[in-house]
$ cat model_33.cif   # mmCIF, C-alpha atoms
data_my_file
#
loop_
_atom_site.label_atom_id
_atom_site.label_comp_id
_atom_site.auth_asym_id
_atom_site.auth_seq_id
_atom_site.Cartn_x
_atom_site.Cartn_y
_atom_site.Cartn_z
CA MET A 752 0.00 0.00 0.00
CA ARG A 753 1.30 3.41 -0.96
CA VAL A 754 1.57 5.82 1.95
CA THR A 755 3.35 8.75 0.31
CA ARG A 756 1.69 11.52 -1.69
CA ALA A 757 2.05 11.36 -5.50
CA PHE A 758 4.37 13.94 -7.07
CA PRO A 759 5.27 15.42 -10.47
CA ILE A 760 8.48 14.25 -12.16
CA VAL A 761 10.13 16.80 -14.44
CA VAL A 762 12.42 15.30 -17.07
CA SER A 763 14.46 17.75 -19.13
CA GLY A 764 17.46 17.46 -21.37
CA PRO A 765 18.69 18.93 -24.63
CA SER A 766 17.48 17.58 -27.96
CA GLY A 767 19.80 14.65 -28.71
CA SER A 768 20.04 13.52 -25.07
CA GLY A 769 17.70 10.59 -25.69
CA LYS A 770 15.16 11.93 -23.19
CA THR A 771 12.10 10.66 -25.07
CA THR A 772 13.31 7.06 -25.21
CA LEU A 773 14.31 7.10 -21.54
CA VAL A 774 10.89 8.38 -20.48
CA GLU A 775 9.24 5.58 -22.50
CA GLY A 776 11.41 3.09 -20.62
CA LEU A 777 10.50 4.62 -17.27
CA LEU A 778 6.75 4.51 -18.00
CA ASP A 779 7.03 0.88 -19.16
CA ARG A 780 8.83 -0.25 -16.03
CA VAL A 781 7.48 1.61 -13.03
CA PRO A 782 3.83 1.10 -12.07
CA GLY A 783 1.79 3.99 -10.71
CA LEU A 784 3.03 6.53 -13.27
CA ARG A 785 1.12 8.63 -15.80
CA ARG A 786 2.50 10.81 -18.56
CA SER A 787 1.30 14.40 -18.55
CA VAL A 788 -0.94 15.05 -21.58
CA SER A 789 -0.28 18.40 -23.26
CA THR A 790 -2.77 20.70 -24.92
CA THR A 791 -1.87 21.80 -28.44
CA THR A 792 -3.28 23.89 -31.28
CA ARG A 793 -1.69 21.74 -33.98
CA ALA A 794 -3.87 19.28 -35.85
CA PRO A 795 -3.93 15.61 -34.82
CA ARG A 796 -1.63 13.36 -36.83
CA PRO A 797 -2.85 9.94 -38.00
CA GLY A 798 -3.19 7.63 -35.01
CA GLU A 799 -3.14 10.38 -32.40
CA ILE A 800 -6.02 10.25 -29.93
CA ASP A 801 -7.54 13.33 -28.30
CA GLY A 802 -7.10 13.21 -24.54
CA LYS A 803 -4.42 10.54 -24.83
CA SER A 804 -1.70 11.80 -27.21
CA TYR A 805 -2.71 15.44 -26.71
CA PHE A 806 -5.71 17.54 -25.87
CA PHE A 807 -6.36 19.12 -29.28
CA THR A 808 -7.78 22.59 -29.12
CA GLY A 809 -8.30 25.76 -31.19
CA GLU A 810 -6.22 28.91 -30.85
CA GLU A 811 -9.08 30.83 -29.31
CA ASP A 812 -9.59 28.22 -26.58
CA PHE A 813 -5.84 28.01 -26.01
CA GLU A 814 -5.77 31.78 -25.39
CA LYS A 815 -8.39 31.26 -22.68
CA LEU A 816 -6.43 28.37 -21.12
CA LYS A 817 -3.35 30.61 -20.92
CA LYS A 818 -5.19 32.60 -18.25
CA GLY A 819 -4.35 30.35 -15.30
CA LYS A 820 -5.25 26.93 -16.65
CA LEU A 821 -1.76 26.04 -17.93
CA ILE A 822 1.29 25.31 -15.82
CA GLU A 823 3.52 26.27 -18.72
CA TRP A 824 3.15 26.85 -22.43
CA ALA A 825 5.33 27.52 -25.46
CA LYS A 826 4.97 28.27 -29.17
CA VAL A 827 6.92 25.81 -31.34
CA HIS A 828 6.97 26.00 -35.15
CA GLY A 829 3.86 28.19 -35.10
CA TYR A 830 1.75 25.99 -32.81
CA PHE A 831 0.98 26.36 -29.13
CA TYR A 832 1.71 23.60 -26.62
CA GLY A 833 0.84 23.74 -22.93
CA THR A 834 0.53 21.64 -19.78
CA PRO A 835 -2.99 21.74 -18.35
CA ARG A 836 -2.91 22.25 -14.62
CA ASP A 837 -6.21 20.45 -13.91
CA PHE A 838 -5.06 17.24 -15.60
CA VAL A 839 -1.83 17.12 -13.56
CA GLU A 840 -3.58 17.92 -10.29
CA GLU A 841 -6.34 15.37 -10.80
CA THR A 842 -3.86 12.65 -11.79
CA LEU A 843 -1.79 13.34 -8.66
CA GLU A 844 -4.92 13.29 -6.51
CA SER A 845 -5.84 9.88 -7.89
CA GLY A 846 -2.45 8.63 -6.64
CA PHE A 847 -0.33 8.55 -9.79
CA ASP A 848 3.02 10.29 -10.12
CA VAL A 849 2.98 12.44 -13.26
CA VAL A 850 5.92 12.50 -15.69
CA LEU A 851 6.40 15.82 -17.47
CA SER A 852 8.88 15.87 -20.32
CA VAL A 853 9.51 19.60 -20.64
CA ASP A 854 12.24 22.06 -21.54
CA VAL A 855 14.06 23.93 -18.79
CA GLN A 856 11.70 26.89 -18.90
CA GLY A 857 8.76 24.51 -18.54
CA GLY A 858 10.61 22.73 -15.74
CA ARG A 859 10.99 25.99 -13.84
CA GLN A 860 7.26 26.64 -14.09
CA VAL A 861 6.36 23.13 -12.91
CA LYS A 862 8.67 23.48 -9.91
CA LYS A 863 7.07 26.85 -9.10
CA VAL A 864 3.54 25.40 -9.13
CA PHE A 865 4.57 22.08 -7.50
CA PRO A 866 7.54 22.64 -5.16
CA ASP A 867 7.52 18.91 -4.33
CA ALA A 868 8.26 17.99 -7.97
CA VAL A 869 11.33 15.86 -8.63
CA THR A 870 13.60 17.34 -11.29
CA ILE A 871 15.82 15.17 -13.49
CA PHE A 872 18.21 16.32 -16.19
CA ILE A 873 19.26 13.90 -18.95
CA LEU A 874 22.78 14.38 -20.26
CA PRO A 875 24.37 12.83 -23.33
CA PRO A 876 27.74 11.15 -22.60
CA SER A 877 29.56 14.29 -23.81
CA TYR A 878 28.93 17.54 -25.64
CA GLU A 879 30.63 16.06 -28.71
CA VAL A 880 28.15 13.17 -28.81
CA LEU A 881 25.27 15.63 -28.47
CA GLU A 882 26.61 17.69 -31.37
CA GLN A 883 27.01 14.59 -33.54
CA ARG A 884 23.48 13.41 -32.77
CA ILE A 885 22.01 16.81 -33.67
CA ARG A 886 24.09 17.09 -36.87
CA HIS A 887 23.20 13.57 -37.99
CA ARG A 888 19.48 14.26 -38.04
CA ALA A 889 19.98 14.52 -41.76
CA THR A 890 16.51 15.85 -42.44
CA ASP A 891 17.25 19.16 -40.73
CA PRO A 892 18.45 22.07 -42.86
CA ALA A 893 21.71 23.78 -41.80
CA GLY A 894 19.93 26.71 -40.12
CA THR A 895 17.88 24.37 -37.97
CA ILE A 896 21.02 22.51 -36.86
CA LYS A 897 22.57 25.80 -35.73
CA THR A 898 19.41 26.70 -33.77
CA ARG A 899 19.26 23.24 -32.22
CA LEU A 900 22.89 23.48 -31.08
CA GLU A 901 22.26 26.91 -29.58
CA ASN A 902 19.15 25.64 -27.82
CA ALA A 903 21.09 22.67 -26.47
CA ARG A 904 23.76 25.01 -25.05
CA GLU A 905 21.03 27.11 -23.47
CA GLU A 906 19.30 24.07 -21.92
CA LEU A 907 22.61 22.80 -20.52
CA ARG A 908 23.10 26.07 -18.66
CA ALA A 909 20.07 25.19 -16.50
CA LEU A 910 21.62 21.94 -15.26
CA PRO A 911 22.56 23.36 -11.82
CA GLU A 912 18.83 23.90 -11.13
CA TYR A 913 18.08 20.17 -11.32
CA GLU A 914 18.16 17.71 -8.42
CA TYR A 915 19.25 14.64 -10.36
CA VAL A 916 21.43 14.07 -13.40
CA VAL A 917 21.28 10.92 -15.51
CA VAL A 918 24.00 10.45 -18.10
CA ASN A 919 22.61 8.56 -21.09
CA ASP A 920 25.62 6.51 -22.12
CA GLY A 921 23.72 3.22 -22.19
CA LEU A 922 19.95 2.86 -22.54
CA GLU A 923 19.44 0.08 -19.97
CA GLU A 924 21.57 1.73 -17.32
CA ALA A 925 20.03 5.15 -17.84
CA VAL A 926 16.46 3.79 -17.67
CA ALA A 927 17.37 1.88 -14.49
CA ALA A 928 18.72 5.10 -12.99
CA LEU A 929 15.50 6.97 -13.84
CA CYS A 930 13.43 4.18 -12.29
CA SER A 931 15.49 4.18 -9.10
CA ILE A 932 15.02 7.94 -8.72
CA VAL A 933 11.22 7.65 -8.94
CA LEU A 934 11.07 4.63 -6.61
CA SER A 935 13.35 6.22 -4.04
CA GLU A 936 11.45 9.53 -4.06
CA ARG A 937 8.37 7.54 -3.06
CA HIS A 938 10.19 6.86 0.21
CA ARG A 939 11.12 10.43 1.01
CA ARG A 940 10.03 11.17 4.55
CA ALA A 941 8.55 14.54 3.65
CA ARG A 942 6.16 12.84 1.22
CA TYR A 943 4.56 10.52 3.78
CA GLU A 944 0.97 11.20 4.73
CA GLY A 945 1.07 12.74 8.21
CA SER A 946 -1.62 10.32 9.35
CA PHE A 947 0.68 7.40 8.57
CA LEU A 948 3.72 8.59 10.51
CA GLU A 949 1.57 9.71 13.44
CA LYS A 950 0.75 6.08 14.15
CA PHE A 951 4.28 5.70 15.54
CA MET B 66 31.96 4.63 -15.06
CA ARG B 67 31.02 6.30 -11.81
CA VAL B 68 31.20 10.07 -11.90
CA THR B 69 29.67 10.96 -8.53
CA ARG B 70 31.50 11.08 -5.23
CA ALA B 71 30.96 8.20 -2.81
CA PHE B 72 28.85 8.96 0.28
CA PRO B 73 27.96 7.49 3.68
CA ILE B 74 24.56 5.82 4.09
CA VAL B 75 23.09 5.98 7.59
CA VAL B 76 20.52 3.28 8.33
CA SER B 77 18.66 3.60 11.63
CA GLY B 78 15.54 2.05 13.06
CA PRO B 79 14.32 0.71 16.38
CA SER B 80 15.20 -2.78 17.50
CA GLY B 81 12.56 -5.01 15.93
CA SER B 82 12.36 -3.00 12.69
CA GLY B 83 14.34 -5.64 10.79
CA LYS B 84 17.13 -3.19 9.99
CA THR B 85 19.93 -5.77 10.14
CA THR B 86 18.31 -8.10 7.59
CA LEU B 87 17.51 -5.22 5.25
CA VAL B 88 21.10 -3.96 5.34
CA GLU B 89 22.33 -7.49 4.50
CA GLY B 90 19.98 -7.49 1.51
CA LEU B 91 21.22 -4.09 0.38
CA LEU B 92 24.89 -5.12 0.60
CA ASP B 93 24.16 -8.33 -1.34
CA ARG B 94 22.40 -6.54 -4.16
CA VAL B 95 24.09 -3.23 -4.83
CA PRO B 96 27.70 -3.26 -6.03
CA GLY B 97 30.12 -0.58 -4.86
CA LEU B 98 29.06 -0.68 -1.21
CA ARG B 99 31.04 -1.41 1.93
CA ARG B 100 29.80 -1.88 5.45
CA SER B 101 31.39 0.34 8.07
CA VAL B 102 33.53 -1.74 10.44
CA SER B 103 33.18 -0.74 14.09
CA THR B 104 35.82 -0.75 16.79
CA THR B 105 34.90 -2.57 20.00
CA THR B 106 36.38 -3.49 23.37
CA ARG B 107 34.43 -6.72 23.64
CA ALA B 108 36.23 -10.00 22.93
CA PRO B 109 35.92 -11.63 19.49
CA ARG B 110 33.29 -14.36 19.27
CA PRO B 111 34.05 -17.60 17.45
CA GLY B 112 34.27 -16.92 13.72
CA GLU B 113 34.66 -13.15 14.03
CA ILE B 114 37.62 -11.71 12.16
CA ASP B 115 39.57 -8.65 13.31
CA GLY B 116 39.29 -5.85 10.74
CA LYS B 117 36.33 -7.53 9.07
CA SER B 118 33.66 -8.18 11.73
CA TYR B 119 35.08 -5.53 14.05
CA PHE B 120 38.33 -3.88 14.90
CA PHE B 121 39.00 -5.45 18.32
CA THR B 122 40.82 -3.21 20.73
CA GLY B 123 41.60 -2.75 24.44
CA GLU B 124 39.89 -0.19 26.68
CA GLU B 125 43.02 1.90 26.91
CA ASP B 126 43.36 2.15 23.15
CA PHE B 127 39.65 2.88 22.83
CA GLU B 128 40.03 5.82 25.22
CA LYS B 129 42.71 7.22 22.91
CA LEU B 130 40.51 6.70 19.83
CA LYS B 131 37.71 8.65 21.50
CA LYS B 132 39.90 11.76 21.15
CA GLY B 133 38.95 12.60 17.56
CA LYS B 134 39.37 9.23 15.84
CA LEU B 135 35.77 8.08 16.19
CA ILE B 136 32.75 9.54 14.42
CA GLU B 137 30.51 8.24 17.18
CA TRP B 138 30.76 5.80 20.05
CA ALA B 139 28.52 4.22 22.69
CA LYS B 140 28.77 1.88 25.67
CA VAL B 141 26.48 -1.13 25.38
CA HIS B 142 26.26 -3.86 28.04
CA GLY B 143 29.59 -2.73 29.49
CA TYR B 144 31.55 -2.70 26.22
CA PHE B 145 32.53 0.22 24.01
CA TYR B 146 31.61 0.37 20.33
CA GLY B 147 32.67 3.13 17.94
CA THR B 148 32.89 4.08 14.26
CA PRO B 149 36.47 4.80 13.20
CA ARG B 150 36.65 7.94 11.11
CA ASP B 151 39.76 6.91 9.13
CA PHE B 152 38.16 3.69 7.91
CA VAL B 153 35.05 5.49 6.64
CA GLU B 154 37.04 8.26 4.98
CA GLU B 155 39.47 5.89 3.27
CA THR B 156 36.65 3.68 2.02
CA LEU B 157 34.84 6.70 0.57
CA GLU B 158 38.04 7.91 -1.06
CA SER B 159 38.50 4.54 -2.74
CA GLY B 160 35.06 5.03 -4.32
CA PHE B 161 32.78 2.88 -2.18
CA ASP B 162 29.63 4.13 -0.49
CA VAL B 163 29.76 3.20 3.19
CA VAL B 164 26.72 1.75 5.00
CA LEU B 165 26.53 2.66 8.69
CA SER B 166 23.93 0.83 10.74
CA VAL B 167 23.70 3.11 13.77
CA ASP B 168 21.21 4.36 16.33
CA VAL B 169 19.77 7.84 16.00
CA GLN B 170 22.45 9.43 18.17
CA GLY B 171 25.11 7.80 16.00
CA GLY B 172 23.20 8.94 12.90
CA ARG B 173 23.31 12.54 14.09
CA GLN B 174 27.07 12.34 14.58
CA VAL B 175 27.63 10.84 11.12
CA LYS B 176 25.53 13.59 9.51
CA LYS B 177 27.54 16.21 11.40
CA VAL B 178 30.87 14.83 10.17
CA PHE B 179 29.57 14.00 6.66
CA PRO B 180 26.80 16.44 5.68
CA ASP B 181 26.43 14.62 2.34
CA ALA B 182 25.42 11.39 4.10
CA VAL B 183 22.09 9.84 3.09
CA THR B 184 19.88 9.07 6.09
CA ILE B 185 17.32 6.26 6.02
CA PHE B 186 14.94 5.26 8.80
CA ILE B 187 13.48 1.74 8.87
CA LEU B 188 9.97 1.45 10.28
CA PRO B 189 8.05 -1.67 11.23
CA PRO B 190 4.55 -1.84 9.67
CA SER B 191 3.06 -0.50 12.93
CA TYR B 192 3.96 0.19 16.53
CA GLU B 193 1.97 -2.88 17.54
CA VAL B 194 4.09 -5.13 15.32
CA LEU B 195 7.23 -3.58 16.79
CA GLU B 196 6.00 -4.26 20.31
CA GLN B 197 5.15 -7.87 19.45
CA ARG B 198 8.56 -8.45 17.89
CA ILE B 199 10.34 -7.06 20.93
CA ARG B 200 8.15 -9.03 23.38
CA HIS B 201 8.59 -12.28 21.45
CA ARG B 202 12.34 -12.29 21.80
CA ALA B 203 11.71 -14.86 24.50
CA THR B 204 15.26 -14.86 25.76
CA ASP B 205 14.97 -11.32 27.14
CA PRO B 206 14.00 -10.88 30.79
CA ALA B 207 11.00 -8.61 31.50
CA GLY B 208 13.18 -5.63 32.51
CA THR B 209 15.07 -5.77 29.22
CA ILE B 210 11.81 -5.82 27.26
CA LYS B 211 10.71 -2.65 29.03
CA THR B 212 14.04 -0.94 28.27
CA ARG B 213 13.86 -2.05 24.63
CA LEU B 214 10.36 -0.65 24.25
CA GLU B 215 11.42 2.66 25.79
CA ASN B 216 14.46 2.78 23.52
CA ALA B 217 12.27 2.06 20.50
CA ARG B 218 9.95 4.97 21.44
CA GLU B 219 12.98 7.21 21.83
CA GLU B 220 14.42 6.18 18.45
CA LEU B 221 11.06 6.76 16.74
CA ARG B 222 11.05 10.36 17.97
CA ALA B 223 14.07 11.05 15.74
CA LEU B 224 12.22 10.02 12.57
CA PRO B 225 11.64 13.63 11.38
CA GLU B 226 15.42 14.08 11.14
CA TYR B 227 15.74 11.40 8.44
CA GLU B 228 15.54 11.98 4.69
CA TYR B 229 14.00 8.64 3.74
CA VAL B 230 11.63 6.23 5.44
CA VAL B 231 11.31 2.57 4.47
CA VAL B 232 8.43 0.63 5.97
CA ASN B 233 9.47 -2.98 6.46
CA ASP B 234 6.20 -4.76 5.77
CA GLY B 235 7.71 -7.19 3.28
CA LEU B 236 11.38 -8.11 3.04
CA GLU B 237 11.70 -8.07 -0.77
CA GLU B 238 9.91 -4.79 -1.18
CA ALA B 239 11.79 -3.10 1.65
CA VAL B 240 15.19 -4.25 0.33
CA ALA B 241 14.23 -3.03 -3.16
CA ALA B 242 13.34 0.35 -1.66
CA LEU B 243 16.69 0.57 0.13
CA CYS B 244 18.52 -0.33 -3.09
CA SER B 245 16.62 2.29 -5.11
CA ILE B 246 17.54 4.98 -2.57
CA VAL B 247 21.25 4.21 -2.83
CA LEU B 248 21.19 3.96 -6.65
CA SER B 249 19.23 7.17 -7.04
CA GLU B 250 21.47 9.11 -4.65
CA ARG B 251 24.38 8.21 -6.96
CA HIS B 252 22.65 10.42 -9.54
CA ARG B 253 22.17 13.46 -7.36
CA ARG B 254 23.52 16.47 -9.20
CA ALA B 255 25.32 17.84 -6.17
CA ARG B 256 27.39 14.63 -5.94
CA TYR B 257 28.84 14.85 -9.46
CA GLU B 258 32.51 15.60 -9.73
CA GLY B 259 32.79 19.23 -10.89
CA SER B 260 35.23 18.19 -13.60
CA PHE B 261 32.59 15.95 -15.16
CA LEU B 262 29.80 18.51 -15.41
CA GLU B 263 32.19 21.20 -16.60
CA LYS B 264 32.66 19.25 -19.84
CA PHE B 265 29.18 20.42 -20.86
#

$ encode --input "model_33.cif" --output "structure tokens"
Amino acid sequence: MRVTRAFPIVVSGPSGSGKTTLVEGLLDRVPGLRRSVSTTTRAPRPGEIDGKSYFFTGEEDFEKLKKGKLIEWAKVHGYFYGTPRDFVEETLESGFDVVLSVDVQGGRQVKKVFPDAVTIFILPPSYEVLEQRIRHRATDPAGTIKTRLENAREELRALPEYEYVVVNDGLEEAVAALCSIVLSERHRRARYEGSFLEKF
Amino acid sequence: MRVTRAFPIVVSGPSGSGKTTLVEGLLDRVPGLRRSVSTTTRAPRPGEIDGKSYFFTGEEDFEKLKKGKLIEWAKVHGYFYGTPRDFVEETLESGFDVVLSVDVQGGRQVKKVFPDAVTIFILPPSYEVLEQRIRHRATDPAGTIKTRLENAREELRALPEYEYVVVNDGLEEAVAALCSIVLSERHRRARYEGSFLEKF
């Protein structure tokens, strides 16, 4: 029986760190987790399900959500993306830890709204590896590569704000590290329900 | 390759919490750990090895050690027991996390000397279970049972000083929790060698 309160888990890391794959591994392995579902103004792609992949919404409605209903939001390639506060709060209340895969600005906002959030930064094995991974996404035009590298540098500067660092130099090991962080945080004394500890 | 500094792990819990068995499980499962070896003035029992089970020493030498060479010490049933500081420091320097199974007073001393120590408190499933376990140690005379129960109450009062709480209501689950705490603490950002993070 779980006797600690559920908490948000912020996972950040520059593009090319392998963050997305690691989060998949974490969700597959640890029970009691839910992924945060974002709201977006972009159109659904084939196979995407409303309320599961994303909450799809119009620009007008998104503007309304921006007034207090989103923990964080950003405009990417002309579309809006945001994290609905209600969804995260309700999921936590139903006893599931919520995984939020967000950039460092989003991470800051989550930590502001939920000071008990766990923050994890995913690092590639080295900056050189990161650069290679970004450059080898052959589909990107040269300008995009430059922007991606600059963004990566910018994200890396926020590393000192994070509580945990996982170096992704082996998928299995890195996923295991992520899992251990979540499992161990469930045993943090400050997260125990007061009523439980008072029995002693 | 490990890139975080090794750290002490304080495990406390009242007699009857199952602490000793859990620590055995932790040491069996997680590589890179060493148990702290105590110094004692009591005589070796059959099978005990000097420097492995304990460092066996005379009272006179123990008195000298008490002047700065011990992280903590206590007198139990007429014999002295202490944690030698040099042993812990050298083990940490050689890259092993050191597990210290100590009472709450010992835990406080360890945390004072090593502020980066991880502190874990082991709880029985309930106070009633604890009481039963202590009472059912049939070999103890009634007076000892009373002292043990009082000591347990006293230890429990220190629970708010600990960072993690593991409830021992199933051996496998409790050992897994202990292991996850140690593994996750190896990924704490503040423990990374500066030289490693500076590469980014």

$ resolve_selection --input "model_33.cif" --expression "the PyMOL selection byres ((chain A and resi 830) around 9)" --output "compact mmCIF listing (two decimals) with C-alpha atoms, in the coordinates of the input"
# COMPACT_ATOMS: atom_id res chain seq x y z
CA THR A 791 -1.87 21.80 -28.44
CA THR A 792 -3.28 23.89 -31.28
CA ARG A 793 -1.69 21.74 -33.98
CA GLU A 810 -6.22 28.91 -30.85
CA ALA A 825 5.33 27.52 -25.46
CA LYS A 826 4.97 28.27 -29.17
CA VAL A 827 6.92 25.81 -31.34
CA HIS A 828 6.97 26.00 -35.15
CA GLY A 829 3.86 28.19 -35.10
CA PHE A 831 0.98 26.36 -29.13
CA TYR A 832 1.71 23.60 -26.62

$ closest_atom_pairs --input "model_33.cif" --of "chain A" --to "chain B" --cutoff "8 Å" --atoms "all atoms listed in the file" --output "Markdown table"
| residue | atom | partner | partner_atom | distance |
| --- | --- | --- | --- | --- |
| A:Ser877 | CA | B:Phe265 | CA | 6.8 |
| A:Tyr878 | CA | B:Phe265 | CA | 5.6 |
| A:Leu907 | CA | B:Phe265 | CA | 7.0 |
| A:Pro911 | CA | B:Arg254 | CA | 7.4 |
| A:Tyr913 | CA | B:Arg254 | CA | 6.9 |
| A:Glu914 | CA | B:Arg254 | CA | 5.6 |
| A:Tyr915 | CA | B:Arg253 | CA | 4.3 |
| A:Val916 | CA | B:Arg254 | CA | 5.3 |
| A:Val917 | CA | B:His252 | CA | 6.1 |
| A:Ala928 | CA | B:Ser249 | CA | 6.3 |
| A:Leu929 | CA | B:Ser249 | CA | 7.8 |
| A:Ser931 | CA | B:Ser245 | CA | 4.6 |
| A:Ile932 | CA | B:Ser249 | CA | 4.6 |
| A:Leu934 | CA | B:Ser245 | CA | 6.2 |
| A:Ser935 | CA | B:Ile246 | CA | 4.6 |
| A:Glu936 | CA | B:Ile246 | CA | 7.7 |
| A:His938 | CA | B:Val230 | CA | 5.5 |
| A:Arg939 | CA | B:Tyr229 | CA | 4.4 |
| A:Arg940 | CA | B:Tyr229 | CA | 4.8 |
| A:Ala941 | CA | B:Glu228 | CA | 7.5 |
| A:Lys950 | CA | B:Ser191 | CA | 7.1 |
| A:Phe951 | CA | B:Tyr192 | CA | 5.6 |

$ residues_around --input "model_33.cif" --residues "Glu882 (chain A)" --least-positions-apart "2" --cutoff "12 Å" --atoms "only C-alpha atoms" --output "compact mmCIF listing (two decimals) with C-alpha atoms, keeping the file's coordinate frame"
# COMPACT_ATOMS: atom_id res chain seq x y z
CA PRO A 765 18.69 18.93 -24.63
CA SER A 766 17.48 17.58 -27.96
CA GLY A 767 19.80 14.65 -28.71
CA SER A 768 20.04 13.52 -25.07
CA PRO A 875 24.37 12.83 -23.33
CA PRO A 876 27.74 11.15 -22.60
CA SER A 877 29.56 14.29 -23.81
CA TYR A 878 28.93 17.54 -25.64
CA GLU A 879 30.63 16.06 -28.71
CA VAL A 880 28.15 13.17 -28.81
CA ARG A 884 23.48 13.41 -32.77
CA ILE A 885 22.01 16.81 -33.67
CA ARG A 886 24.09 17.09 -36.87
CA HIS A 887 23.20 13.57 -37.99
CA ARG A 888 19.48 14.26 -38.04
CA ILE A 896 21.02 22.51 -36.86
CA LYS A 897 22.57 25.80 -35.73
CA THR A 898 19.41 26.70 -33.77
CA ARG A 899 19.26 23.24 -32.22
CA LEU A 900 22.89 23.48 -31.08
CA GLU A 901 22.26 26.91 -29.58
CA ASN A 902 19.15 25.64 -27.82
CA ALA A 903 21.09 22.67 -26.47
CA ARG A 904 23.76 25.01 -25.05
CA PHE B 265 29.18 20.42 -20.86

$ residues_around --input "model_33.cif" --residues "Ser118 (chain B)" --least-positions-apart "6" --cutoff "12 Å" --atoms "all atoms listed in the file" --output "VMD selection string"
chain B and resid 100 to 105 108 to 112

$ atom_distance --input "model_33.cif" --atom1 "CA of Thr148 (chain B)" --atom2 "CA of Arg94 (chain B)"
23.7 Å

$ resolve_selection --input "model_33.cif" --expression "the PyMOL selection byres ((chain A and resi 835-846) around 6)" --output "ChimeraX atom specification"
/A:757,820-822,834,847-848

$ atom_distance --input "model_33.cif" --atom1 "CA of Leu87 (chain B)" --atom2 "CA of Val240 (chain B)"
5.5 Å

$ atom_distance --input "model_33.cif" --atom1 "CA of Gly208 (chain B)" --atom2 "CA of Gly78 (chain B)"
21.0 Å

$ residues_around --input "model_33.cif" --residues "Gly858 (chain A)" --least-positions-apart "3" --cutoff "12 Å" --atoms "only C-alpha atoms" --output "ChimeraX atom specification"
/A:759-764,822-824,834,850-855,861-866,868-872,906,909-910,912-914
